[in-house]
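As stored in coords.cif (mmCIF, N, CA and C atoms):
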data_input
loop_
_atom_site.label_atom_id
_atom_site.label_comp_id
_atom_site.auth_asym_id
_atom_site.auth_seq_id
_atom_site.Cartn_x
_atom_site.Cartn_y
_atom_site.Cartn_z
N MET A 1 3.05 85.97 37.60
CA MET A 1 3.11 84.53 37.55
C MET A 1 4.35 84.06 38.28
N ALA A 2 4.22 83.05 39.06
CA ALA A 2 5.39 82.51 39.74
C ALA A 2 5.22 81.01 39.89
N GLY A 3 6.32 80.30 39.91
CA GLY A 3 6.32 78.86 40.10
C GLY A 3 7.37 78.49 41.11
N GLU A 4 7.36 77.27 41.56
CA GLU A 4 8.35 76.81 42.53
C GLU A 4 9.53 76.19 41.82
N GLU A 5 10.73 76.55 42.23
CA GLU A 5 11.96 75.95 41.74
C GLU A 5 12.25 74.71 42.56
N ASP A 6 13.19 73.90 42.11
CA ASP A 6 13.56 72.68 42.83
C ASP A 6 14.03 72.96 44.25
N ASP A 7 14.65 74.12 44.47
CA ASP A 7 15.16 74.43 45.79
C ASP A 7 14.12 75.10 46.69
N GLY A 8 12.87 75.19 46.22
CA GLY A 8 11.81 75.77 47.02
C GLY A 8 11.63 77.26 46.83
N SER A 9 12.57 77.92 46.12
CA SER A 9 12.42 79.35 45.89
C SER A 9 11.39 79.59 44.79
N ARG A 10 10.93 80.81 44.71
CA ARG A 10 9.93 81.16 43.69
C ARG A 10 10.64 81.67 42.43
N ALA A 11 10.17 81.20 41.27
CA ALA A 11 10.67 81.68 39.98
C ALA A 11 9.68 82.70 39.43
N VAL A 12 10.10 83.95 39.35
CA VAL A 12 9.23 85.01 38.89
C VAL A 12 9.38 85.14 37.37
N ILE A 13 8.24 85.31 36.70
CA ILE A 13 8.22 85.52 35.25
C ILE A 13 7.60 86.88 34.99
N ASP A 14 8.35 87.73 34.31
CA ASP A 14 7.87 89.05 33.90
C ASP A 14 7.17 88.84 32.55
N VAL A 15 5.85 88.97 32.51
CA VAL A 15 5.10 88.70 31.28
C VAL A 15 4.84 89.96 30.45
N HIS A 16 5.45 91.08 30.84
CA HIS A 16 5.22 92.33 30.12
C HIS A 16 6.51 93.16 30.15
N HIS A 17 7.54 92.64 29.54
CA HIS A 17 8.86 93.27 29.56
C HIS A 17 9.04 94.08 28.27
N HIS A 18 8.97 95.40 28.37
CA HIS A 18 9.08 96.25 27.19
C HIS A 18 10.40 95.99 26.46
N PHE A 19 10.29 95.76 25.15
CA PHE A 19 11.45 95.45 24.32
C PHE A 19 11.43 96.34 23.09
N CYS A 20 12.34 97.30 23.09
CA CYS A 20 12.53 98.16 21.93
C CYS A 20 13.89 97.76 21.36
N ALA A 21 13.86 96.91 20.33
CA ALA A 21 15.08 96.32 19.80
C ALA A 21 16.05 97.38 19.28
N PRO A 22 17.32 97.26 19.63
CA PRO A 22 18.32 98.18 19.06
C PRO A 22 18.30 98.15 17.53
N GLN A 23 18.05 96.99 16.95
CA GLN A 23 17.98 96.88 15.48
C GLN A 23 16.81 97.71 14.95
N TRP A 24 15.69 97.70 15.68
CA TRP A 24 14.55 98.51 15.26
C TRP A 24 14.89 99.99 15.35
N ARG A 25 15.55 100.40 16.44
CA ARG A 25 15.91 101.81 16.60
C ARG A 25 16.76 102.29 15.43
N ARG A 26 17.77 101.49 15.04
CA ARG A 26 18.62 101.86 13.90
C ARG A 26 17.79 101.93 12.62
N TRP A 27 16.93 100.94 12.41
CA TRP A 27 16.08 100.91 11.22
C TRP A 27 15.16 102.14 11.19
N ALA A 28 14.49 102.44 12.29
CA ALA A 28 13.53 103.55 12.35
C ALA A 28 14.23 104.89 12.16
N GLU A 29 15.43 105.04 12.71
CA GLU A 29 16.19 106.27 12.47
C GLU A 29 16.53 106.40 10.99
N GLY A 30 16.96 105.30 10.37
CA GLY A 30 17.29 105.30 8.95
C GLY A 30 16.10 105.62 8.07
N GLN A 31 14.91 105.27 8.52
CA GLN A 31 13.68 105.55 7.79
C GLN A 31 13.17 106.98 8.04
N GLY A 32 13.81 107.67 8.97
CA GLY A 32 13.37 109.02 9.31
C GLY A 32 12.11 109.05 10.18
N LEU A 33 11.80 107.92 10.83
CA LEU A 33 10.59 107.83 11.66
C LEU A 33 10.79 108.36 13.07
N ILE A 34 12.01 108.30 13.55
CA ILE A 34 12.30 108.73 14.92
C ILE A 34 13.63 109.48 14.93
N GLY A 35 13.81 110.24 15.97
CA GLY A 35 15.10 110.84 16.26
C GLY A 35 15.60 110.21 17.55
N PRO A 36 16.88 110.08 17.72
CA PRO A 36 17.40 109.39 18.91
C PRO A 36 16.95 110.00 20.23
N ARG A 37 16.67 111.28 20.25
CA ARG A 37 16.25 111.94 21.50
C ARG A 37 14.73 111.96 21.67
N SER A 38 14.01 111.47 20.68
CA SER A 38 12.54 111.52 20.76
C SER A 38 11.93 110.30 21.43
N LEU A 39 12.73 109.31 21.74
CA LEU A 39 12.19 108.08 22.32
C LEU A 39 12.16 108.13 23.83
N PRO A 40 11.23 107.40 24.45
CA PRO A 40 11.19 107.34 25.92
C PRO A 40 12.39 106.57 26.47
N PRO A 41 12.67 106.73 27.75
CA PRO A 41 13.84 106.07 28.34
C PRO A 41 13.88 104.56 28.16
N TRP A 42 12.72 103.89 28.21
CA TRP A 42 12.73 102.43 28.10
C TRP A 42 13.12 101.96 26.70
N ALA A 43 13.21 102.87 25.73
CA ALA A 43 13.57 102.48 24.36
C ALA A 43 15.06 102.19 24.22
N GLY A 44 15.83 102.44 25.26
CA GLY A 44 17.26 102.14 25.23
C GLY A 44 17.58 100.73 25.69
N TRP A 45 16.73 99.77 25.37
CA TRP A 45 16.86 98.39 25.85
C TRP A 45 18.17 97.76 25.39
N ASP A 46 18.80 97.03 26.30
CA ASP A 46 19.94 96.17 25.95
C ASP A 46 19.89 94.94 26.84
N ALA A 47 20.36 93.82 26.32
CA ALA A 47 20.24 92.54 27.01
C ALA A 47 20.96 92.53 28.35
N GLU A 48 22.17 93.06 28.40
CA GLU A 48 22.94 93.03 29.65
C GLU A 48 22.24 93.83 30.74
N GLY A 49 21.74 95.00 30.40
CA GLY A 49 21.00 95.80 31.36
C GLY A 49 19.73 95.11 31.83
N ALA A 50 19.03 94.49 30.89
CA ALA A 50 17.80 93.78 31.23
C ALA A 50 18.10 92.60 32.16
N LEU A 51 19.15 91.85 31.85
CA LEU A 51 19.51 90.71 32.70
C LEU A 51 19.92 91.15 34.10
N ALA A 52 20.67 92.24 34.19
CA ALA A 52 21.08 92.75 35.50
C ALA A 52 19.85 93.15 36.32
N LEU A 53 18.91 93.85 35.70
CA LEU A 53 17.67 94.22 36.39
C LEU A 53 16.89 92.98 36.81
N MET A 54 16.77 92.03 35.91
CA MET A 54 16.04 90.80 36.23
C MET A 54 16.68 90.08 37.41
N ASP A 55 17.99 89.99 37.41
CA ASP A 55 18.68 89.31 38.52
C ASP A 55 18.47 90.04 39.84
N ARG A 56 18.53 91.37 39.83
CA ARG A 56 18.30 92.14 41.06
C ARG A 56 16.88 91.96 41.57
N ALA A 57 15.93 91.83 40.65
CA ALA A 57 14.51 91.74 41.03
C ALA A 57 14.04 90.30 41.22
N GLY A 58 14.92 89.33 41.01
CA GLY A 58 14.53 87.93 41.16
C GLY A 58 13.66 87.40 40.03
N ILE A 59 13.81 87.99 38.85
CA ILE A 59 13.03 87.56 37.69
C ILE A 59 13.82 86.49 36.93
N ALA A 60 13.22 85.32 36.81
CA ALA A 60 13.90 84.21 36.12
C ALA A 60 13.78 84.35 34.61
N VAL A 61 12.59 84.72 34.14
CA VAL A 61 12.31 84.80 32.71
C VAL A 61 11.52 86.08 32.43
N ALA A 62 11.87 86.75 31.33
CA ALA A 62 11.13 87.92 30.89
C ALA A 62 10.54 87.63 29.51
N VAL A 63 9.24 87.87 29.36
CA VAL A 63 8.58 87.74 28.07
C VAL A 63 8.60 89.12 27.43
N LEU A 64 9.32 89.22 26.32
CA LEU A 64 9.50 90.49 25.64
C LEU A 64 8.21 90.94 24.96
N LYS A 65 7.80 92.16 25.26
CA LYS A 65 6.65 92.79 24.61
C LYS A 65 7.21 93.80 23.62
N PRO A 66 7.20 93.44 22.33
CA PRO A 66 7.78 94.34 21.33
C PRO A 66 7.13 95.71 21.32
N MET A 67 7.97 96.73 21.36
CA MET A 67 7.53 98.12 21.31
C MET A 67 8.08 98.72 20.02
N LEU A 68 7.20 99.33 19.24
CA LEU A 68 7.59 99.94 17.97
C LEU A 68 7.04 101.37 17.95
N PRO A 69 7.58 102.26 18.80
CA PRO A 69 6.98 103.57 19.02
C PRO A 69 7.23 104.57 17.89
N ALA A 70 6.48 104.43 16.81
CA ALA A 70 6.58 105.37 15.68
C ALA A 70 5.25 105.37 14.94
N ARG A 71 5.08 106.33 14.08
CA ARG A 71 3.92 106.38 13.18
C ARG A 71 4.42 105.94 11.81
N TYR A 72 3.80 104.90 11.28
CA TYR A 72 4.27 104.32 10.03
C TYR A 72 3.52 104.89 8.84
N GLU A 73 4.22 105.02 7.74
CA GLU A 73 3.66 105.64 6.55
C GLU A 73 2.81 104.69 5.72
N SER A 74 2.98 103.38 5.94
CA SER A 74 2.23 102.40 5.15
C SER A 74 2.21 101.07 5.88
N SER A 75 1.33 100.19 5.44
CA SER A 75 1.29 98.83 5.98
C SER A 75 2.60 98.11 5.69
N ALA A 76 3.17 98.36 4.53
CA ALA A 76 4.44 97.71 4.17
C ALA A 76 5.55 98.15 5.12
N GLN A 77 5.58 99.42 5.48
CA GLN A 77 6.60 99.90 6.41
C GLN A 77 6.39 99.31 7.80
N LEU A 78 5.14 99.21 8.24
CA LEU A 78 4.85 98.58 9.53
C LEU A 78 5.31 97.13 9.52
N ARG A 79 5.01 96.42 8.45
CA ARG A 79 5.43 95.01 8.35
C ARG A 79 6.95 94.89 8.42
N GLU A 80 7.66 95.79 7.77
CA GLU A 80 9.12 95.78 7.84
C GLU A 80 9.60 96.03 9.27
N ALA A 81 8.95 96.98 9.96
CA ALA A 81 9.31 97.27 11.35
C ALA A 81 9.09 96.04 12.23
N VAL A 82 7.97 95.36 12.02
CA VAL A 82 7.68 94.16 12.79
C VAL A 82 8.69 93.06 12.47
N ALA A 83 9.05 92.92 11.21
CA ALA A 83 10.03 91.89 10.82
C ALA A 83 11.36 92.12 11.53
N VAL A 84 11.82 93.36 11.54
CA VAL A 84 13.08 93.69 12.21
C VAL A 84 12.98 93.34 13.70
N THR A 85 11.87 93.69 14.31
CA THR A 85 11.67 93.47 15.75
C THR A 85 11.55 91.99 16.09
N LEU A 86 10.79 91.24 15.31
CA LEU A 86 10.64 89.81 15.58
C LEU A 86 11.97 89.08 15.45
N GLU A 87 12.73 89.40 14.42
CA GLU A 87 14.05 88.78 14.25
C GLU A 87 14.94 89.09 15.45
N ALA A 88 14.91 90.34 15.89
CA ALA A 88 15.73 90.74 17.04
C ALA A 88 15.31 89.99 18.30
N ALA A 89 14.01 89.86 18.51
CA ALA A 89 13.52 89.14 19.70
C ALA A 89 13.94 87.68 19.65
N ALA A 90 13.84 87.05 18.49
CA ALA A 90 14.25 85.65 18.36
C ALA A 90 15.75 85.50 18.62
N GLU A 91 16.54 86.48 18.21
CA GLU A 91 17.98 86.45 18.48
C GLU A 91 18.27 86.54 19.97
N VAL A 92 17.52 87.37 20.69
CA VAL A 92 17.71 87.49 22.14
C VAL A 92 17.38 86.16 22.82
N VAL A 93 16.28 85.55 22.42
CA VAL A 93 15.88 84.27 23.01
C VAL A 93 16.95 83.21 22.76
N GLU A 94 17.49 83.19 21.56
CA GLU A 94 18.54 82.21 21.22
C GLU A 94 19.83 82.48 21.99
N ALA A 95 20.17 83.74 22.16
CA ALA A 95 21.42 84.11 22.84
C ALA A 95 21.38 83.85 24.34
N TYR A 96 20.18 83.89 24.94
CA TYR A 96 20.04 83.74 26.38
C TYR A 96 18.99 82.68 26.69
N PRO A 97 19.30 81.42 26.41
CA PRO A 97 18.31 80.34 26.60
C PRO A 97 17.75 80.32 28.02
N GLY A 98 16.43 80.22 28.10
CA GLY A 98 15.77 80.12 29.39
C GLY A 98 15.53 81.44 30.10
N ARG A 99 16.09 82.53 29.60
CA ARG A 99 15.91 83.83 30.27
C ARG A 99 14.87 84.70 29.61
N PHE A 100 14.66 84.53 28.30
CA PHE A 100 13.72 85.37 27.58
C PHE A 100 12.80 84.53 26.71
N ALA A 101 11.60 85.06 26.48
CA ALA A 101 10.64 84.57 25.49
C ALA A 101 10.07 85.84 24.88
N PHE A 102 9.21 85.73 23.87
CA PHE A 102 8.65 86.95 23.29
C PHE A 102 7.25 86.73 22.75
N HIS A 103 6.53 87.84 22.69
CA HIS A 103 5.20 87.89 22.08
C HIS A 103 5.32 88.52 20.70
N ALA A 104 4.39 88.17 19.83
CA ALA A 104 4.28 88.81 18.52
C ALA A 104 3.23 89.91 18.63
N PRO A 105 3.53 91.12 18.16
CA PRO A 105 2.56 92.21 18.27
C PRO A 105 1.49 92.14 17.18
N LEU A 106 0.24 92.35 17.56
CA LEU A 106 -0.85 92.42 16.60
C LEU A 106 -1.37 93.84 16.54
N PHE A 107 -1.93 94.21 15.41
CA PHE A 107 -2.41 95.56 15.18
C PHE A 107 -3.85 95.46 14.69
N LEU A 108 -4.79 95.88 15.52
CA LEU A 108 -6.20 95.72 15.21
C LEU A 108 -6.62 96.44 13.93
N ASP A 109 -5.91 97.49 13.58
CA ASP A 109 -6.24 98.25 12.38
C ASP A 109 -5.49 97.76 11.14
N GLU A 110 -4.70 96.71 11.28
CA GLU A 110 -3.87 96.20 10.18
C GLU A 110 -4.03 94.69 10.07
N GLU A 111 -5.13 94.25 9.50
CA GLU A 111 -5.45 92.82 9.43
C GLU A 111 -4.37 92.01 8.70
N GLU A 112 -3.93 92.48 7.55
CA GLU A 112 -2.93 91.73 6.77
C GLU A 112 -1.59 91.65 7.50
N VAL A 113 -1.16 92.77 8.08
CA VAL A 113 0.09 92.76 8.84
C VAL A 113 -0.04 91.82 10.03
N SER A 114 -1.17 91.85 10.71
CA SER A 114 -1.38 90.97 11.86
C SER A 114 -1.37 89.51 11.45
N SER A 115 -2.00 89.18 10.35
CA SER A 115 -1.99 87.79 9.87
C SER A 115 -0.57 87.34 9.57
N TRP A 116 0.19 88.20 8.91
CA TRP A 116 1.59 87.87 8.62
C TRP A 116 2.39 87.72 9.92
N THR A 117 2.15 88.64 10.87
CA THR A 117 2.86 88.60 12.15
C THR A 117 2.59 87.30 12.89
N LEU A 118 1.34 86.83 12.87
CA LEU A 118 1.01 85.56 13.51
C LEU A 118 1.82 84.42 12.91
N ARG A 119 1.84 84.35 11.60
CA ARG A 119 2.59 83.27 10.93
C ARG A 119 4.08 83.37 11.22
N ARG A 120 4.64 84.56 11.03
CA ARG A 120 6.08 84.73 11.22
C ARG A 120 6.47 84.56 12.68
N GLY A 121 5.76 85.23 13.56
CA GLY A 121 6.14 85.21 14.97
C GLY A 121 5.88 83.88 15.64
N LEU A 122 4.66 83.36 15.54
CA LEU A 122 4.31 82.13 16.24
C LEU A 122 4.81 80.89 15.52
N ASP A 123 4.53 80.79 14.23
CA ASP A 123 4.84 79.56 13.50
C ASP A 123 6.30 79.40 13.16
N GLU A 124 6.98 80.51 12.84
CA GLU A 124 8.35 80.40 12.35
C GLU A 124 9.43 80.76 13.37
N LEU A 125 9.17 81.74 14.22
CA LEU A 125 10.22 82.21 15.13
C LEU A 125 10.04 81.80 16.58
N GLY A 126 8.90 81.21 16.92
CA GLY A 126 8.74 80.68 18.26
C GLY A 126 8.18 81.62 19.30
N ALA A 127 7.45 82.64 18.90
CA ALA A 127 6.80 83.51 19.89
C ALA A 127 5.88 82.65 20.76
N VAL A 128 5.78 83.01 22.03
CA VAL A 128 4.97 82.24 22.98
C VAL A 128 3.54 82.77 23.10
N GLY A 129 3.24 83.85 22.39
CA GLY A 129 1.91 84.44 22.45
C GLY A 129 1.89 85.73 21.66
N VAL A 130 0.84 86.50 21.86
CA VAL A 130 0.69 87.77 21.16
C VAL A 130 0.40 88.87 22.16
N ASN A 131 0.66 90.10 21.74
CA ASN A 131 0.18 91.24 22.51
C ASN A 131 -0.62 92.13 21.58
N VAL A 132 -1.67 92.70 22.13
CA VAL A 132 -2.59 93.51 21.36
C VAL A 132 -3.22 94.54 22.28
N THR A 133 -3.54 95.70 21.74
CA THR A 133 -4.23 96.70 22.55
C THR A 133 -5.67 96.25 22.77
N ALA A 134 -6.28 96.77 23.80
CA ALA A 134 -7.66 96.38 24.12
C ALA A 134 -8.66 96.91 23.11
N ASN A 135 -8.32 98.03 22.47
CA ASN A 135 -9.24 98.59 21.48
C ASN A 135 -8.46 99.44 20.49
N TYR A 136 -9.07 99.68 19.37
CA TYR A 136 -8.53 100.60 18.39
C TYR A 136 -9.66 101.53 17.98
N ARG A 137 -9.46 102.82 18.25
CA ARG A 137 -10.47 103.84 17.96
C ARG A 137 -11.84 103.49 18.54
N GLY A 138 -11.81 102.95 19.77
CA GLY A 138 -13.06 102.66 20.48
C GLY A 138 -13.72 101.35 20.13
N VAL A 139 -13.14 100.58 19.23
CA VAL A 139 -13.68 99.25 18.89
C VAL A 139 -12.84 98.24 19.67
N TYR A 140 -13.49 97.52 20.59
CA TYR A 140 -12.80 96.65 21.53
C TYR A 140 -12.65 95.22 21.03
N LEU A 141 -11.65 94.53 21.62
CA LEU A 141 -11.48 93.10 21.35
C LEU A 141 -12.82 92.41 21.55
N GLY A 142 -13.09 91.41 20.76
CA GLY A 142 -14.36 90.71 20.83
C GLY A 142 -15.37 91.23 19.83
N ASP A 143 -15.10 92.41 19.27
CA ASP A 143 -15.99 92.94 18.23
C ASP A 143 -15.88 92.05 16.99
N PRO A 144 -17.00 91.72 16.36
CA PRO A 144 -16.96 90.86 15.18
C PRO A 144 -16.06 91.35 14.05
N SER A 145 -15.79 92.64 14.00
CA SER A 145 -14.91 93.16 12.94
C SER A 145 -13.48 92.64 13.05
N TYR A 146 -13.12 92.09 14.23
CA TYR A 146 -11.79 91.54 14.43
C TYR A 146 -11.73 90.02 14.31
N ASP A 147 -12.83 89.40 13.94
CA ASP A 147 -12.88 87.94 13.89
C ASP A 147 -11.80 87.32 13.02
N ARG A 148 -11.46 87.93 11.92
CA ARG A 148 -10.44 87.35 11.03
C ARG A 148 -9.06 87.33 11.69
N ILE A 149 -8.77 88.33 12.53
CA ILE A 149 -7.48 88.34 13.23
C ILE A 149 -7.50 87.28 14.30
#
Would you mind giving the structure from this file in structure tokens?
Amino acid sequence: MAGEEDDGSRAVIDVHHHFCAPQWRRWAEGQGLIGPRSLPPWAGWDAEGALALMDRAGIAVAVLKPMLPARYESSAQLREAVAVTLEAAAEVVEAYPGRFAFHAPLFLDEEEVSSWTLRRGLDELGAVGVNVTANYRGVYLGDPSYDRI
């Protein structure tokens, strides 16, 4: 997506900017869900590094796509992970006005967590949209089983 700036230059928007919150990493390590060396390189996200990359690439705004790369033991633990991540994303948006926005993550196999995430992320914290996988265990978006989400 790109738009025109007042000076005629193009404003690039990154609509899929992987965001693995440092707060989530600390929380997940404390829960015993991850080890610091078990995460992929993009999990080392930090705002200054992201802004430097964005500036080099001509990206005006990045929409954070929350990444929570772990296997959760319960719906309650997943909800806690999402809460930590949503709060962190909202803090980034507040700290860098106009540079970041964020999506709320939905989980096709977790209807209650997804309903809560919609309320918390969109209604309370200002998420600009949602991100969701195209399918879960071969059941694709648009299937009537997902109508409640």
**OP:** For atom CA of Leu68 of chain A and atom CA of Ala81 of chain A, quote the distance in Å rounded to one decimal.
**Re:**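 Answer for the atom CA of Leu68 of chain A to atom CA of Ala81 of chain A separation: 7.3 Å.
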Subject >> Selection result for the PyMOL selection byres ((chain A and resi 89) around 8) on this file, as a list in words >> reply: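 With the shown file as input, the PyMOL selection byres ((chain A and resi 89) around 8) matches Ala21, Leu64, Pro66, Ala83, Val84, Thr85, Leu86, Glu87, Ala88, Ala90, Glu91, Val92, Val93, Glu94, Ala95, Phe100, Ala101, Phe102, His103 and Leu125 of chain A.
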Chain and number of each residue from the PyMOL selection byres ((chain A and resi 22) around 8), as a JSON list (two decimals) with N, CA and C atoms, in the frame of the given file:
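out-v6.json was written with the following content:
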[["chain", "number", "residue", "atom", "x", "y", "z"],
["A", 19, "PHE", "N", 10.29, 95.76, 25.15],
["A", 19, "PHE", "CA", 11.45, 95.45, 24.32],
["A", 19, "PHE", "C", 11.43, 96.34, 23.09],
["A", 20, "CYS", "N", 12.34, 97.30, 23.09],
["A", 20, "CYS", "CA", 12.53, 98.16, 21.93],
["A", 20, "CYS", "C", 13.89, 97.76, 21.36],
["A", 21, "ALA", "N", 13.86, 96.91, 20.33],
["A", 21, "ALA", "CA", 15.08, 96.32, 19.80],
["A", 21, "ALA", "C", 16.05, 97.38, 19.28],
["A", 23, "GLN", "N", 18.05, 96.99, 16.95],
["A", 23, "GLN", "CA", 17.98, 96.88, 15.48],
["A", 23, "GLN", "C", 16.81, 97.71, 14.95],
["A", 24, "TRP", "N", 15.69, 97.70, 15.68],
["A", 24, "TRP", "CA", 14.55, 98.51, 15.26],
["A", 24, "TRP", "C", 14.89, 99.99, 15.35],
["A", 25, "ARG", "N", 15.55, 100.40, 16.44],
["A", 25, "ARG", "CA", 15.91, 101.81, 16.60],
["A", 25, "ARG", "C", 16.76, 102.29, 15.43],
["A", 26, "ARG", "N", 17.77, 101.49, 15.04],
["A", 26, "ARG", "CA", 18.62, 101.86, 13.90],
["A", 26, "ARG", "C", 17.79, 101.93, 12.62],
["A", 27, "TRP", "N", 16.93, 100.94, 12.41],
["A", 27, "TRP", "CA", 16.08, 100.91, 11.22],
["A", 27, "TRP", "C", 15.16, 102.14, 11.19],
["A", 28, "ALA", "N", 14.49, 102.44, 12.29],
["A", 28, "ALA", "CA", 13.53, 103.55, 12.35],
["A", 28, "ALA", "C", 14.23, 104.89, 12.16],
["A", 43, "ALA", "N", 13.21, 102.87, 25.73],
["A", 43, "ALA", "CA", 13.57, 102.48, 24.36],
["A", 43, "ALA", "C", 15.06, 102.19, 24.22],
["A", 44, "GLY", "N", 15.83, 102.44, 25.26],
["A", 44, "GLY", "CA", 17.26, 102.14, 25.23],
["A", 44, "GLY", "C", 17.58, 100.73, 25.69],
["A", 45, "TRP", "N", 16.73, 99.77, 25.37],
["A", 45, "TRP", "CA", 16.86, 98.39, 25.85],
["A", 45, "TRP", "C", 18.17, 97.76, 25.39],
["A", 46, "ASP", "N", 18.80, 97.03, 26.30],
["A", 46, "ASP", "CA", 19.94, 96.17, 25.95],
["A", 46, "ASP", "C", 19.89, 94.94, 26.84],
["A", 85, "THR", "N", 11.87, 93.69, 14.31],
["A", 85, "THR", "CA", 11.67, 93.47, 15.75],
["A", 85, "THR", "C", 11.55, 91.99, 16.09],
["A", 88, "ALA", "N", 14.91, 90.34, 15.89],
["A", 88, "ALA", "CA", 15.73, 90.74, 17.04],
["A", 88, "ALA", "C", 15.31, 89.99, 18.30]]
**OP:** Could you check how far atom C of Thr117 of chain A sits from atom C of Ala104 of chain A, in Å to one decimal?
**Re:**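 Between atom C of Thr117 of chain A and atom C of Ala104 of chain A the gap works out to 6.3 Å.
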Original post:
Interatomic distance between atom CA of Val113 of chain A and atom CA of Arg79 of chain A?
Top reply: 5.8 Å
